[in-house]
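Enquirer: This one is data_1.txt, compact mmCIF, N, CA, C and O atoms.
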```
# COMPACT_ATOMS: atom_id res chain seq x y z
N MET A 91 53.37 -2.71 47.56
CA MET A 91 52.04 -2.62 47.00
C MET A 91 51.09 -3.53 47.78
O MET A 91 51.43 -4.66 48.08
N LYS A 92 49.93 -3.01 48.09
CA LYS A 92 48.95 -3.79 48.84
C LYS A 92 48.34 -4.85 47.92
O LYS A 92 47.99 -4.56 46.78
N PRO A 93 48.16 -6.07 48.44
CA PRO A 93 47.49 -7.09 47.61
C PRO A 93 46.02 -6.73 47.42
O PRO A 93 45.40 -6.12 48.29
N LEU A 94 45.49 -7.08 46.28
CA LEU A 94 44.08 -6.83 46.01
C LEU A 94 43.21 -7.68 46.91
O LEU A 94 43.54 -8.83 47.21
N ARG A 95 42.11 -7.12 47.31
CA ARG A 95 41.15 -7.88 48.11
C ARG A 95 40.42 -8.86 47.20
O ARG A 95 40.18 -8.57 46.03
N PRO A 96 40.02 -10.00 47.75
CA PRO A 96 39.24 -10.94 46.92
C PRO A 96 37.88 -10.34 46.57
O PRO A 96 37.28 -9.63 47.38
N TYR A 97 37.43 -10.61 45.38
CA TYR A 97 36.11 -10.15 44.94
C TYR A 97 35.31 -11.38 44.55
O TYR A 97 35.56 -12.01 43.52
N LEU A 98 34.37 -11.76 45.40
CA LEU A 98 33.55 -12.94 45.18
C LEU A 98 32.09 -12.61 45.48
O LEU A 98 31.60 -12.88 46.58
N PRO A 99 31.38 -11.99 44.54
CA PRO A 99 29.98 -11.66 44.80
C PRO A 99 29.20 -12.90 45.26
O PRO A 99 29.31 -13.97 44.65
N GLY A 100 28.48 -12.75 46.35
CA GLY A 100 27.74 -13.87 46.93
C GLY A 100 28.57 -14.68 47.90
O GLY A 100 28.04 -15.51 48.62
N GLY A 101 29.87 -14.43 47.94
CA GLY A 101 30.75 -15.16 48.85
C GLY A 101 30.63 -14.64 50.27
O GLY A 101 30.27 -13.50 50.52
N VAL A 102 30.98 -15.51 51.21
CA VAL A 102 30.94 -15.16 52.63
C VAL A 102 32.37 -14.92 53.10
O VAL A 102 33.27 -15.72 52.80
N PHE A 103 32.57 -13.83 53.83
CA PHE A 103 33.89 -13.45 54.31
C PHE A 103 33.89 -13.27 55.81
O PHE A 103 32.92 -12.78 56.38
N HIS A 104 34.99 -13.67 56.43
CA HIS A 104 35.25 -13.35 57.83
C HIS A 104 36.16 -12.13 57.80
O HIS A 104 37.24 -12.16 57.22
N ILE A 105 35.72 -11.04 58.42
CA ILE A 105 36.46 -9.78 58.42
C ILE A 105 36.81 -9.41 59.85
O ILE A 105 35.98 -9.55 60.76
N THR A 106 38.04 -8.96 60.05
CA THR A 106 38.49 -8.52 61.36
C THR A 106 39.17 -7.17 61.22
O THR A 106 39.95 -6.96 60.29
N ALA A 107 38.88 -6.27 62.14
CA ALA A 107 39.56 -4.97 62.22
C ALA A 107 40.03 -4.80 63.65
O ALA A 107 39.25 -4.92 64.59
N ARG A 108 41.33 -4.53 63.81
CA ARG A 108 41.93 -4.43 65.14
C ARG A 108 42.37 -3.00 65.41
O ARG A 108 42.84 -2.30 64.53
N THR A 109 42.21 -2.57 66.66
CA THR A 109 42.63 -1.23 67.04
C THR A 109 44.15 -1.12 67.04
O THR A 109 44.87 -2.12 67.14
N LEU A 110 44.64 0.10 66.92
CA LEU A 110 46.07 0.38 66.92
C LEU A 110 46.67 -0.06 68.25
O LEU A 110 46.12 0.25 69.32
N ASN A 111 47.76 -0.79 68.19
CA ASN A 111 48.47 -1.28 69.38
C ASN A 111 47.57 -2.10 70.31
O ASN A 111 47.83 -2.17 71.51
N LYS A 112 46.51 -2.65 69.76
CA LYS A 112 45.56 -3.49 70.52
C LYS A 112 44.97 -2.76 71.73
O LYS A 112 44.67 -3.36 72.76
N GLU A 113 44.82 -1.43 71.58
CA GLU A 113 44.21 -0.64 72.65
C GLU A 113 42.76 -1.07 72.84
O GLU A 113 42.07 -1.41 71.88
N HIS A 114 42.27 -1.01 74.07
CA HIS A 114 40.92 -1.47 74.39
C HIS A 114 39.90 -0.32 74.25
O HIS A 114 39.13 -0.04 75.17
N TRP A 115 39.88 0.32 73.10
CA TRP A 115 39.01 1.46 72.86
C TRP A 115 37.57 1.06 72.61
O TRP A 115 36.68 1.90 72.66
N LEU A 116 37.30 -0.19 72.33
CA LEU A 116 35.93 -0.63 72.06
C LEU A 116 35.24 -1.16 73.31
O LEU A 116 34.15 -1.71 73.23
N GLU A 117 35.86 -1.00 74.45
CA GLU A 117 35.33 -1.56 75.70
C GLU A 117 34.07 -0.86 76.22
O GLU A 117 33.14 -1.53 76.66
N PRO A 118 33.97 0.48 76.21
CA PRO A 118 32.78 1.12 76.77
C PRO A 118 31.49 0.67 76.05
O PRO A 118 31.47 0.50 74.83
N VAL A 119 30.45 0.50 76.83
CA VAL A 119 29.18 0.02 76.28
C VAL A 119 28.65 0.97 75.21
O VAL A 119 28.14 0.52 74.18
N ASP A 120 28.78 2.27 75.42
CA ASP A 120 28.25 3.21 74.42
C ASP A 120 29.00 3.10 73.09
O ASP A 120 28.41 3.25 72.03
N ILE A 121 30.30 2.79 73.15
CA ILE A 121 31.06 2.59 71.91
C ILE A 121 30.60 1.31 71.22
O ILE A 121 30.39 1.28 70.00
N ARG A 122 30.40 0.25 71.98
CA ARG A 122 29.94 -1.02 71.39
C ARG A 122 28.57 -0.85 70.74
O ARG A 122 28.32 -1.35 69.64
N GLU A 123 27.68 -0.15 71.41
CA GLU A 123 26.35 0.10 70.84
C GLU A 123 26.47 0.95 69.57
O GLU A 123 25.74 0.72 68.60
N PHE A 124 27.38 1.91 69.57
CA PHE A 124 27.60 2.73 68.39
C PHE A 124 28.09 1.87 67.22
O PHE A 124 27.66 2.06 66.08
N VAL A 125 28.99 0.92 67.48
CA VAL A 125 29.49 0.04 66.42
C VAL A 125 28.33 -0.72 65.78
O VAL A 125 28.26 -0.83 64.55
N LEU A 126 27.43 -1.22 66.58
CA LEU A 126 26.28 -1.95 66.04
C LEU A 126 25.39 -1.04 65.20
O LEU A 126 24.95 -1.41 64.10
N GLN A 127 25.13 0.17 65.68
CA GLN A 127 24.31 1.11 64.93
C GLN A 127 25.01 1.55 63.65
O GLN A 127 24.39 1.66 62.59
N ALA A 128 26.30 1.81 63.72
CA ALA A 128 27.07 2.22 62.54
C ALA A 128 27.08 1.11 61.49
O ALA A 128 27.02 1.38 60.29
N THR A 129 27.13 -0.13 61.94
CA THR A 129 27.08 -1.27 61.01
C THR A 129 25.74 -1.31 60.30
O THR A 129 25.67 -1.47 59.08
N THR A 130 24.66 -1.13 61.04
CA THR A 130 23.32 -1.10 60.45
C THR A 130 23.22 0.03 59.43
O THR A 130 22.70 -0.17 58.33
N ASP A 131 23.73 1.21 59.77
CA ASP A 131 23.69 2.35 58.86
C ASP A 131 24.53 2.09 57.61
O ASP A 131 24.12 2.42 56.49
N ALA A 132 25.71 1.51 57.77
CA ALA A 132 26.59 1.24 56.63
C ALA A 132 25.97 0.22 55.67
O ALA A 132 26.17 0.31 54.46
N LEU A 133 25.22 -0.72 56.21
CA LEU A 133 24.59 -1.74 55.37
C LEU A 133 23.53 -1.13 54.44
O LEU A 133 23.26 -1.68 53.38
N LYS A 134 22.95 -0.02 54.84
CA LYS A 134 21.94 0.63 54.01
C LYS A 134 22.53 1.21 52.74
O LYS A 134 21.81 1.48 51.79
N ARG A 135 23.85 1.42 52.72
CA ARG A 135 24.52 2.04 51.58
C ARG A 135 25.23 1.03 50.68
O ARG A 135 25.98 1.42 49.79
N THR A 136 25.07 -0.23 50.95
CA THR A 136 25.74 -1.27 50.17
C THR A 136 24.80 -2.45 50.00
O THR A 136 23.73 -2.49 50.59
N ASP A 137 25.21 -3.39 49.18
CA ASP A 137 24.38 -4.58 48.97
C ASP A 137 24.94 -5.80 49.70
O ASP A 137 24.51 -6.91 49.47
N ALA A 138 25.88 -5.58 50.62
CA ALA A 138 26.41 -6.66 51.44
C ALA A 138 25.42 -6.98 52.55
O ALA A 138 24.55 -6.17 52.88
N GLY A 139 25.57 -8.13 53.13
CA GLY A 139 24.73 -8.52 54.26
C GLY A 139 25.58 -9.06 55.39
O GLY A 139 26.45 -9.91 55.16
N VAL A 140 25.38 -8.55 56.59
CA VAL A 140 26.12 -9.05 57.74
C VAL A 140 25.38 -10.25 58.31
O VAL A 140 24.19 -10.16 58.62
N ILE A 141 26.09 -11.34 58.44
CA ILE A 141 25.52 -12.55 59.02
C ILE A 141 25.64 -12.49 60.53
O ILE A 141 24.71 -12.81 61.26
N THR A 142 26.80 -12.07 61.02
CA THR A 142 26.99 -11.90 62.45
C THR A 142 28.11 -10.89 62.70
O THR A 142 28.93 -10.64 61.83
N ILE A 143 28.10 -10.32 63.89
CA ILE A 143 29.13 -9.37 64.29
C ILE A 143 29.46 -9.63 65.75
O ILE A 143 28.58 -9.95 66.55
N ALA A 144 30.74 -9.52 66.08
CA ALA A 144 31.20 -9.63 67.46
C ALA A 144 32.13 -8.46 67.73
O ALA A 144 33.11 -8.27 67.01
N VAL A 145 31.81 -7.68 68.74
CA VAL A 145 32.63 -6.53 69.10
C VAL A 145 33.39 -6.88 70.37
O VAL A 145 32.80 -7.04 71.44
N MET A 146 34.69 -7.02 70.25
CA MET A 146 35.56 -7.32 71.37
C MET A 146 36.12 -5.98 71.89
O MET A 146 35.80 -4.94 71.34
N THR A 147 36.94 -6.00 72.91
CA THR A 147 37.43 -4.75 73.47
C THR A 147 38.46 -4.05 72.58
O THR A 147 38.60 -2.84 72.64
N ASN A 148 39.19 -4.83 71.76
CA ASN A 148 40.22 -4.21 70.92
C ASN A 148 40.13 -4.60 69.45
O ASN A 148 41.03 -4.31 68.67
N HIS A 149 39.07 -5.26 69.06
CA HIS A 149 38.87 -5.60 67.66
C HIS A 149 37.42 -6.00 67.44
O HIS A 149 36.66 -6.18 68.39
N LEU A 150 37.06 -6.11 66.17
CA LEU A 150 35.72 -6.58 65.86
C LEU A 150 35.80 -7.61 64.74
O LEU A 150 36.71 -7.61 63.93
N HIS A 151 34.83 -8.51 64.77
CA HIS A 151 34.70 -9.56 63.76
C HIS A 151 33.35 -9.38 63.07
O HIS A 151 32.35 -9.12 63.74
N LEU A 152 33.35 -9.55 61.77
CA LEU A 152 32.10 -9.58 61.02
C LEU A 152 32.14 -10.78 60.08
O LEU A 152 33.20 -11.10 59.53
N VAL A 153 31.02 -11.41 59.92
CA VAL A 153 30.86 -12.41 58.87
C VAL A 153 29.87 -11.80 57.90
O VAL A 153 28.74 -11.46 58.28
N VAL A 154 30.33 -11.59 56.67
CA VAL A 154 29.59 -10.79 55.69
C VAL A 154 29.42 -11.57 54.40
O VAL A 154 30.36 -12.22 53.93
N ARG A 155 28.22 -11.48 53.83
CA ARG A 155 28.00 -11.99 52.48
C ARG A 155 28.17 -10.81 51.53
O ARG A 155 27.45 -9.81 51.62
N GLN A 156 29.16 -10.93 50.66
CA GLN A 156 29.45 -9.85 49.73
C GLN A 156 28.39 -9.79 48.64
O GLN A 156 27.95 -10.80 48.13
N GLY A 157 27.98 -8.57 48.32
CA GLY A 157 27.06 -8.36 47.21
C GLY A 157 27.86 -8.13 45.93
O GLY A 157 29.00 -8.57 45.81
N ALA A 158 27.30 -7.40 45.00
CA ALA A 158 27.99 -7.09 43.75
C ALA A 158 29.09 -6.05 43.96
O ALA A 158 30.02 -5.97 43.18
N ARG A 159 28.97 -5.26 45.01
CA ARG A 159 29.95 -4.22 45.29
C ARG A 159 31.11 -4.78 46.12
O ARG A 159 30.95 -5.73 46.87
N PRO A 160 32.28 -4.15 46.04
CA PRO A 160 33.42 -4.60 46.85
C PRO A 160 33.16 -4.41 48.35
O PRO A 160 32.39 -3.54 48.75
N LEU A 161 33.83 -5.22 49.15
CA LEU A 161 33.69 -5.12 50.60
C LEU A 161 34.10 -3.76 51.13
O LEU A 161 33.60 -3.30 52.15
N SER A 162 35.00 -3.09 50.43
CA SER A 162 35.47 -1.78 50.88
C SER A 162 34.34 -0.77 50.96
O SER A 162 34.40 0.17 51.77
N GLN A 163 33.29 -0.95 50.18
CA GLN A 163 32.16 -0.01 50.23
C GLN A 163 31.36 -0.15 51.51
O GLN A 163 30.60 0.74 51.87
N LEU A 164 31.53 -1.25 52.20
CA LEU A 164 30.94 -1.42 53.53
C LEU A 164 31.95 -1.01 54.60
O LEU A 164 31.63 -0.24 55.50
N MET A 165 33.18 -1.49 54.48
CA MET A 165 34.14 -1.36 55.55
C MET A 165 34.73 0.05 55.69
O MET A 165 34.94 0.51 56.81
N GLN A 166 35.02 0.73 54.60
CA GLN A 166 35.64 2.05 54.71
C GLN A 166 34.75 3.04 55.46
O GLN A 166 35.18 3.66 56.43
N PRO A 167 33.47 3.20 55.06
CA PRO A 167 32.63 4.13 55.83
C PRO A 167 32.38 3.67 57.27
O PRO A 167 32.32 4.48 58.19
N LEU A 168 32.26 2.36 57.46
CA LEU A 168 32.01 1.83 58.80
C LEU A 168 33.20 2.12 59.73
O LEU A 168 33.02 2.68 60.82
N LEU A 169 34.40 1.75 59.32
CA LEU A 169 35.56 1.96 60.17
C LEU A 169 35.86 3.44 60.36
O LEU A 169 36.33 3.84 61.43
N ARG A 170 35.57 4.25 59.36
CA ARG A 170 35.77 5.70 59.50
C ARG A 170 34.85 6.27 60.58
O ARG A 170 35.28 7.03 61.44
N ARG A 171 33.57 5.89 60.55
CA ARG A 171 32.63 6.39 61.57
C ARG A 171 33.03 5.93 62.96
O ARG A 171 32.96 6.70 63.93
N ILE A 172 33.44 4.67 63.06
CA ILE A 172 33.85 4.15 64.37
C ILE A 172 35.08 4.91 64.86
O ILE A 172 35.16 5.30 66.04
N ALA A 173 36.04 5.12 63.97
CA ALA A 173 37.27 5.84 64.36
C ALA A 173 36.95 7.26 64.82
O ALA A 173 37.49 7.72 65.84
N LEU A 174 36.08 7.95 64.11
CA LEU A 174 35.72 9.31 64.51
C LEU A 174 35.05 9.33 65.88
O LEU A 174 35.30 10.20 66.71
N ARG A 175 34.20 8.35 66.14
CA ARG A 175 33.52 8.27 67.45
C ARG A 175 34.53 8.01 68.57
O ARG A 175 34.46 8.63 69.64
N ILE A 176 35.46 7.12 68.32
CA ILE A 176 36.48 6.81 69.32
C ILE A 176 37.36 8.03 69.57
O ILE A 176 37.69 8.34 70.72
N GLN A 177 37.74 8.74 68.52
CA GLN A 177 38.55 9.95 68.68
C GLN A 177 37.82 10.98 69.54
O GLN A 177 38.43 11.61 70.42
N ARG A 178 36.53 11.16 69.31
CA ARG A 178 35.76 12.11 70.12
C ARG A 178 35.65 11.62 71.57
O ARG A 178 35.80 12.40 72.50
N HIS A 179 35.36 10.34 71.73
CA HIS A 179 35.17 9.78 73.07
C HIS A 179 36.44 9.92 73.92
O HIS A 179 36.36 10.29 75.10
N TYR A 180 37.58 9.61 73.34
CA TYR A 180 38.84 9.63 74.08
C TYR A 180 39.62 10.94 73.91
O TYR A 180 40.73 11.05 74.41
N LYS A 181 39.03 11.90 73.18
CA LYS A 181 39.67 13.20 72.95
C LYS A 181 41.11 13.02 72.45
O LYS A 181 42.07 13.51 73.03
N ARG A 182 41.22 12.30 71.34
CA ARG A 182 42.52 12.02 70.76
C ARG A 182 42.48 12.25 69.26
O ARG A 182 41.40 12.38 68.69
N THR A 183 43.64 12.29 68.65
CA THR A 183 43.74 12.39 67.20
C THR A 183 44.59 11.23 66.70
O THR A 183 45.22 10.52 67.48
N GLY A 184 44.63 11.06 65.41
CA GLY A 184 45.47 10.02 64.82
C GLY A 184 44.71 8.74 64.55
O GLY A 184 43.48 8.67 64.69
N ARG A 185 45.45 7.75 64.18
CA ARG A 185 44.86 6.48 63.79
C ARG A 185 44.18 5.78 64.96
O ARG A 185 44.63 5.86 66.10
N VAL A 186 43.12 5.08 64.65
CA VAL A 186 42.41 4.27 65.64
C VAL A 186 42.61 2.80 65.33
O VAL A 186 42.87 2.00 66.21
N PHE A 187 42.51 2.44 64.07
CA PHE A 187 42.70 1.06 63.67
C PHE A 187 44.13 0.88 63.19
O PHE A 187 44.72 1.77 62.58
N GLY A 188 44.69 -0.29 63.48
CA GLY A 188 46.07 -0.58 63.11
C GLY A 188 46.21 -0.78 61.62
O GLY A 188 46.03 0.15 60.83
N LYS A 189 46.47 -1.98 61.22
CA LYS A 189 46.64 -2.30 59.81
C LYS A 189 45.29 -2.29 59.10
O LYS A 189 44.25 -2.12 59.73
N ARG A 190 45.33 -2.54 57.81
CA ARG A 190 44.09 -2.68 57.04
C ARG A 190 43.23 -3.79 57.65
O ARG A 190 43.76 -4.70 58.29
N TYR A 191 41.94 -3.71 57.42
CA TYR A 191 41.09 -4.79 57.92
C TYR A 191 41.47 -6.08 57.19
O TYR A 191 41.91 -6.08 56.05
N TRP A 192 41.31 -7.18 57.89
CA TRP A 192 41.63 -8.50 57.36
C TRP A 192 40.34 -9.12 56.84
O TRP A 192 39.31 -9.05 57.52
N ALA A 193 40.37 -9.70 55.66
CA ALA A 193 39.18 -10.35 55.10
C ALA A 193 39.60 -11.65 54.43
O ALA A 193 40.52 -11.67 53.62
N GLU A 194 38.93 -12.72 54.80
CA GLU A 194 39.22 -14.02 54.20
C GLU A 194 37.91 -14.70 53.83
O GLU A 194 36.96 -14.71 54.62
N ALA A 195 37.88 -15.27 52.63
CA ALA A 195 36.68 -15.97 52.18
C ALA A 195 36.50 -17.24 53.01
O ALA A 195 37.47 -17.94 53.33
N CYS A 196 35.27 -17.50 53.38
CA CYS A 196 34.93 -18.72 54.12
C CYS A 196 34.62 -19.83 53.11
O CYS A 196 34.05 -19.57 52.06
N SER A 197 34.97 -21.04 53.46
CA SER A 197 34.67 -22.16 52.55
C SER A 197 33.31 -22.72 52.83
O SER A 197 32.70 -22.49 53.83
```
Would you write the structure of this file as structure tokens?
Expert:
Amino acid sequence: MKPLRPYLPGGVFHITARTLNKEHWLEPVDIREFVLQATTDALKRTDAGVITIAVMTNHLHLVVRQGARPLSQLMQPLLRRIALRIQRHYKRTGRVFGKRYWAEACS
């Protein structure tokens, strides 16, 4: 059974999502720009706020202030859009991200 994600409205979280097998699918500039745009679009549908984002070649980091809604309402649509874009770009099917995204509350 998956552990429940922490729910701390107003809390700040460091979130990381890594690609499957640490593949460098986020390396192309157009993919990185898409990640930034997809993040902006996903924020319009939730009450979370992104403090900062870093897109590396095989993973991304976000520092997010959680709103009243769970973090999954930001992350699920965001990672889904990114995965679909990567699948189209590389003409592949299957998983793009490895394990579930990692989220830890910041002190």
Enquirer: Once DSSP has gone over the backbone, tell me which residues of chain A are in alpha helix (DSSP H), as a VMD selection string.
Expert: chain A and resid 119 to 133 162 to 180
Enquirer: At a cut-off of 6 Å, using only N, CA, C and O atoms, what residues contact A:Gly100? Leave out same-chain residues fewer than 5 positions from it and give the result as a count of residues only.
Expert: 4
Enquirer: Kindly indicate which residue among A:Ser162, A:Leu152, A:Leu168, A:Arg182 lies nearest to A:Phe103, using only C-alpha atoms for the distances.
Expert: A:Leu152
Enquirer: When distances are computed from all atoms listed in the file, which of A:His151, A:Arg95, A:Arg178, A:Arg122 shows the smallest separation from A:Ala107?
Expert: A:His151
Enquirer: How far is it from atom CA of A:Met91 to atom CA of A:Gly184, in Å with one decimal?
Expert: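 Separation of atom CA of A:Met91 and atom CA of A:Gly184: 22.8 Å.
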Enquirer: Which residues are close to A:His149, i.e. within 6 Å by all atoms listed in the file, leaving aside same-chain residues fewer than 4 positions away? Reply as a PyMOL selection string.
Expert: chain A and resi 107-109+113+144-145
Enquirer: Calculated over all atoms listed in the file, which of the candidates A:Cys196, A:Leu133, A:Lys189, A:Phe124 has the smallest distance to A:Ile172?
Expert: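 Result for the nearest residue to A:Ile172: A:Phe124.
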Enquirer: Just the number, please: distance in Å from atom CA of A:Val119 to atom CA of A:Leu169, one decimal.
Expert: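 According to the coordinates, atom CA of A:Val119 and atom CA of A:Leu169 are separated by 17.4 Å.
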Enquirer: Work out how far apart atom C of A:Pro167 and atom N of A:Gln127 are and give it in Å to one decimal.
Expert: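 Taking atom C of A:Pro167 and atom N of A:Gln127, their separation equals 11.6 Å.
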Enquirer: Nearest to A:Lys112: which of A:Pro160, A:Ile143, A:Asn148, A:Leu98 is it, counting only N, CA, C and O atoms?
Expert: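 Answer, going by the shortest atom-to-atom distance: A:Asn148.
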Enquirer: For A:Tyr180, which residue among A:Arg135, A:Glu194, A:Trp115, A:Leu150 is the nearest when counting all atoms listed in the file?
Expert: A:Trp115
Enquirer: Check stretch 111-147 of chain A with DSSP on the backbone and list each residue it calls strand (DSSP E), as a VMD selection string.
Expert: chain A and resid 139 to 145
Enquirer: Calculated over all atoms listed in the file, which of the candidates A:Ala138, A:Met146, A:Lys92, A:Leu116 has the smallest distance to A:Ile176?
Expert: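 For A:Ile176, the nearest of the candidates is A:Leu116.
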